[in-house]
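Below: one structure, written as structure tokens.
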Amino acid sequence: MKYFTRLRVRRVYRWRGEPVRFNRKLRTREYSSLAISVEGLPRVTVINAGQHILIEGEDEDNPYVARVVRLFGDESGKQKKAVVQWFVRVSEVPPSKLKLLGREPHPQEIFYYQGRSCDDEVNAESILRPVQVKHLDGAAPFPDSDDKDTLYVKLSWDSKSFKAVDSAVVESASEPAPASSLPPPSPTSRPKPSLPSSPPCSPPAAAPASRGPSRRALPTPDPTIMRKASLGEVRYRRATMSAGKAGAAAEAESRHSATKLSASKCLSAKRRNASARTPGVRKKLELSSPEKMTREDILDQLLDEELESDAMLAQRLSSSPPRALPLDQRLTPLRKAHRDPTVQDDVLLQPSIILNKVSLSETEGPASSARDEPTRATTPSRKKDLKTPREPVLGVLAEVDDENSPMLPAAATPRSSKRKSAQLVSSRIRKQLNLLDNQLDLNSDGEDEDEFIPSKKEMQSSSEEEEDGEEEAGLDSDEEVVAKKIRHATAGSRTPRSKQRTRSSTRTPRKTPSRKITPGTPRTPRHATPSIPSRSLPARQPANVLEEARARLHVSSVPESLPCREQEFQDIYSFVESKIMDGTGGCMYISGVPGTGKTATVHEVMRCLQHAADVDEVPPFHFIEINGMKMTDPHQAYVQILQKLTGQKATADHAAALLEKRFSNPAPRKETTVLLVDELDLLWTRKQNVMYNLFDWPTRRHARLVVLTIANTMDLPERIMINRVASRLGLTRMSFQPYSFKQLQQIIMSRLNKVKAFEEDALQLVSRKVAALSGDARRCLDICRRATEICEHSATDPFATGLVGMSHVMEALNEMFSSPYVAAIKCASVQEQLFLRAVIAEFRRLGLEEATFQQVFVQHQALCRVEGLQPISVSEGLAVCRRLGACRLLLLEPSRLGVLQRVRLNVSQDDVLYALKAD
Amino acid sequence: MMESRTAHAPRSSQQMGESPSIMSKRKAKDAHLPVGECITQVQRILRERLCHQQLPDKPEGVEAQQKHLLELLKRTAVHGESNSVLIVGPRGAGKTMLLKCVLRDLLEEKEAQKNLLQVHLNGLLQTDDRIALKEITRQLHLENVVGDKVFGSFAENLAFLLEALKKGDRSSSRPVLFILDEFDLFAHHKNQTLLYNLFDVSQSAQAPIAVVGITCRLDVLELLEKRVKSRFSHRQIHLLSSLTFTQYLERVQTQLSLPEDFPDTKFAQDWNDSIKTLGEDKSVEEVLQRHFNSSKDFRSMHMLLTLCLSRVSVAKPAIKPADLQEASRLCFADAKANMLHGLSILELCLIIAMKHLNDVYEGEPFNLQMVHNEFKKFLQRKSNSMYNFEQPVIMKAFEHLQQLELIRPVDSSSAKTQREYQLVRLMLDHSQIMEALQKYPQCPTEVKQWGMSAFG
């Protein structure tokens, strides 16, 4: 071994060439090759992606062998990383297992490593040098060579068994792009085909079977396709569920289904397509003999692992784990498979009995005649495939939870650390690869659009269990299958975001249809969520213009966009966006009087950001919301946050501890959390620890928490917060001014949206009046709504209602703003009116604003005599006084004080005199 | 002060359907009933009417308000539009009656009847949000959804209810009508959590709800916190009766008149005629005018008429003006002055002494010793010492007055001071004392004179 001398020398690692690609989410740059030079020596070793390399390990004589999949580094260029496919040496295989080989291992033999407990990301600076690796056929003897540097691969090792390995998997460079890599339809359609753009030495799709290469082979997002996808999505959201479109849209959306739909899914689809044609149900890999190993089988194995880890991650992060999997299987690359010559060959060799229906529909149109029968047969079997990888998931779960994977782990001893945190890192990388995978799906979108079977019957299920149950039971009709798939597509397509978001929001995509179809389905107790029973008769729709206007003017009807808050929107948006992009945290305080659109604007920002996250403009994030008014105690905030974040229930103290841990420890796949705290002032406690924590978490290094707080008063931080809390809240503040009358007018206009129901002047009157009083948009809308009612009632013919005019608005304004006191005094009985006069007379006599009942009563008796009325008794006088007190025209002391109770006016004396004079 | 109300009893239709059928049966059987039977019938019918057991067919004088409320609730029930409204009016103005009439009309529509869920809450019963939430959950039958799951904490309960309401949407879930009687008391709950959440639901695209608050406080909006207030739609239905005296008289007549379907038509005819003549009587009009001046609400009128009705017997099968006067006298009787009639001479003397002390010191508080001195001065002027009592006896009388709350310690905290020197105030007005002295049976003249005299 020559290298060991070199170990002592210092090696210098440099990237060669410009970065091929920049990953915005992880902020890493990918490079095509790495140059290693030894200090003092002129020679430069170049490592390209696809090459086999030796990696520094514990045993200096036997460094680890691997093949470079990808090279990347962080922005600063300090950290250099490589994603590798591992090979194991004979010495690394446990001696007990070596027996499985059935022969003496060759000293230079290495095995293609398929175990999954191994991190495939290493520090690039642990790379020693390239090495020669040759693939040998299973039967071929080992060449008798003295070249100790050449290693031989015959079999793969997955920590349980040895299997034959395909040459394409192993051979690095100088091989033509083999079967399963993406065959580009035409070079022009993919401007940036694959990332390692060092064509001569490392063709992109060198080793399709391994996880890494297949990813690497995926194209970077193509702007045109991105746009197409986003259009498709929009269409999907807005358009009716006409079948073809829906299908297409689902396809388009699946572009976003980043995390789960890693490249291997595509391969899996292909594999299923191929393996499905072997007679009978696909066997478990372990059962198949090594001689019969095909490339598909290896793929199978790889894919099972992939599914497993995916499922595991999914399960950990959301309550609805492998929902996307069925979708994954019918992902588009099947078509590629059948285009691809090598796979085609395989496929054609085997009789096809079981067909995956969708894959079929994607593969070829003419086969539609064969659709019906196979589908029924397929579903259960496919299901079985799915089930198997899912099982081990739970076991691994705990391990993963405790794992910390720093952004760029400085792995000095690569393998030991790697193997531990394999899943974690792979998940991160998978995230990185989302775009690529999605691209894959997209490539076929256009053609597949029309091949979806229209589905009328939408199925729904209230819980994941039910869904699984249904699938296991098997679906009877094609329509149902397709419907289910479409739904899976919708659900699955959102995985990058929804998986990690709050439990409730995860369910939103599914919830909407399900609620509409059978809202009252009995739920399983575990998922029992209370709901108001559904109507037995449908709600009536607005019949005329005024009703239409009224429906639009209701505060609850969310407008398409919020007018008049553009600046605030922009500010909040850029604040949150920048925090999400940077992966940092921060606080913002938003103040404003009620009804100025604070919460609405934040929600709008979140909607937009969510949409941006959908189209991958910003990294995915969770949005959770708590409201100080919607909890019974400030400490319940912890409980609610935890529940919305993870779905688990805990007591306040426990929840606080869990959140503390979550926000202070680094965790894998952590997305930015955006927390909206509405009605902040109610979270005040004596020690202010709730507020303190809420503002302290964002400052933690690993928290990635953005806290938006809303309250009414502008100087809340100064008024109620102690210094250490106010300081953590920071100075990012925003205040929502009350709406001006022009803005209010604009708000009404935008809500009405061309429904002509109001006269111009009437609108202006409302908005001016409200702007002068409070600037509360809710008030404005309520008045308008009331005005439409008045207009409707005042019209003689209910069906020929005119516009809402000034008079109607005036009436509504009077109803809402006029003080009832004057009217109440006018309507009071004679004695009550007299008593009020007596009160005023007594106040004038005393020169005070307060008198005892006894004093007032003397005046009252006198007034009675003046008015020519029979004087009333004390009890009667007290009753009169009490009645006035009950309406709060008078303010009284408790009535047990009898004649001694003190009396004050709750109205101004002028109002009383005015009301009494008017008679 | 507090009115008795059947907060949770929705109008029972049985009651309505029952009485006509019984009556028609009787009618078929016999047109002429014995007078005793007739009187029993009259008593039953009128009592039902006067004691609010029966809703009027149409609330009078509040047609506009009724229409407004009916339209509003109908829109919630039929269109699924969320609304909030307050019914404000003085006590006895017919707020609950209006709401019940509207609900009755509303439920006659099949569309509303099938959909509408009702939740009745009363501020006097649901004194805090915890109890209110439990009651809401119970009345919505939501606890059945989770089976045997017991709601532990208040927080869970709130989250549960909010989630339930959030789940719904305008078009699919059943509208819920929340009726909050004594609405102002809910505003005193901590943070006004319940009101905030109800109003927030009514202003957001969740399950359609209508929040109807009933209160007699005109300043109820000022009780609401600003963010709660902003979420309230500011619809207020004011029930302020602008009743005139003629309308009042008519109302009395209709309340006392027997219905057409009274079994004995002849008796009914006679009765109605007598009621008519009663209305024309001058003294009756005077009495009613006085009642009308005092209070316009029907509840006090019903009280008066009930008293009259109880005087109707077989011997006197009609209401006479004298009955009304007597009833009026009972109604206006001064409770405190009546209590004075039951006092002993000594106690009465002490009261008079206190009155003089009040005159001298212009309402300043006094203690037993001062009262005793005043009483002694009176005794010295009068040579005969028939009222010369020992100090303990006077003390006992003083304590009795305190128990009757005719006098009241200035502040209860000064219990440490000796009883003789504890400051008290008189809880009676001079007019009441005078009235009592006039009516006190066998009141000694010198005591009477002492009472009447301006100076002690």
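Chains: A, B, ... in order of the structure tokens. Residues: from 1 per chain. Ligands: from 1, in order shown.
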
Taking only C-alpha atoms into account, find every residue of chain A that has an atom no more than 6 Å from chain B, and write it out as a count of residues only. 22

From the DSSP assignment of the backbone, select every residue of region 185-411 of chain B that is helix (DSSP H, G or I), and format the answer as a PyMOL selection string. chain B and resi 185-186+190-202+220-223+226-231+245-256+265-280+282-294+298-309+321-332+335-340+345-361+368-381+391-403

If we count only C-alpha atoms and set the cut-off at 12 Å, which residues sit around Phe569 (chain A), ignoring sequence neighbours fewer than 2 positions away in its own chain? Please answer as a PyMOL selection string. chain A and resi 561-567+571-577+590+597-609+734-736

Could you write out that same residue set with C-alpha atoms as an mmCIF file, in the first residue's frame?
data_model
loop_
_atom_site.group_PDB
_atom_site.id
_atom_site.type_symbol
_atom_site.label_atom_id
_atom_site.label_comp_id
_atom_site.auth_asym_id
_atom_site.auth_seq_id
_atom_site.Cartn_x
_atom_site.Cartn_y
_atom_site.Cartn_z
ATOM 1 C CA SER A 561 -56.915 39.465 -1.648
ATOM 2 C CA LEU A 562 -56.788 42.002 1.102
ATOM 3 C CA PRO A 563 -56.900 45.479 -0.274
ATOM 4 C CA CYS A 564 -55.313 48.417 1.521
ATOM 5 C CA ARG A 565 -52.788 46.406 3.426
ATOM 6 C CA GLU A 566 -50.213 46.005 0.680
ATOM 7 C CA GLN A 567 -47.380 47.620 2.554
ATOM 8 C CA ASP A 571 -43.277 43.842 5.223
ATOM 9 C CA ILE A 572 -44.516 40.757 6.976
ATOM 10 C CA TYR A 573 -43.973 38.650 3.907
ATOM 11 C CA SER A 574 -40.416 39.671 3.445
ATOM 12 C CA PHE A 575 -39.720 39.294 7.130
ATOM 13 C CA VAL A 576 -41.020 35.760 7.290
ATOM 14 C CA GLU A 577 -39.626 34.808 3.926
ATOM 15 C CA ILE A 590 -47.892 43.555 15.215
ATOM 16 C CA GLY A 597 -56.890 43.275 9.422
ATOM 17 C CA LYS A 598 -53.932 42.151 11.469
ATOM 18 C CA THR A 599 -54.801 38.493 11.657
ATOM 19 C CA ALA A 600 -56.210 38.483 8.157
ATOM 20 C CA THR A 601 -53.020 39.936 6.743
ATOM 21 C CA VAL A 602 -50.839 37.430 8.525
ATOM 22 C CA HIS A 603 -53.029 34.637 7.265
ATOM 23 C CA GLU A 604 -52.788 36.014 3.785
ATOM 24 C CA VAL A 605 -49.009 36.140 4.063
ATOM 25 C CA MET A 606 -48.996 32.568 5.197
ATOM 26 C CA ARG A 607 -51.219 31.518 2.348
ATOM 27 C CA CYS A 608 -48.862 33.126 -0.104
ATOM 28 C CA LEU A 609 -45.795 31.663 1.505
ATOM 29 C CA MET A 734 -45.444 46.989 12.941
ATOM 30 C CA SER A 735 -48.539 48.896 13.629
ATOM 31 C CA PHE A 736 -51.745 48.682 11.660
#

Report the residues of region 598-722 of chain A whose backbone DSSP state falls under strand (DSSP E), written as an MDAnalysis selection string. chainID A and resid 621:627 672:678 705:711

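The smallest atom-to-atom distance between Leu752 (chain A) and any of A:Leu546, A:Ile624, A:Val706, A:Val44, using only C-alpha atoms, is found for A:Leu546.
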
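The two atoms in question, CA of Ala762 (chain A) and CA of Val809 (chain A), are spaced 6.2 Å apart.
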
Which residue of B:Gln325, B:Ser300, B:Asn373, B:Thr277 approaches Ala93 (chain B) most closely, using only C-alpha atoms: B:Ser300

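Rounded to one decimal, CA of Phe758 (chain A) and CA of Thr788 (chain A) lie 8.4 Å from each other.
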
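Put simply, CA of Phe298 (chain B) is 24.4 Å away from CA of Glu867 (chain A).
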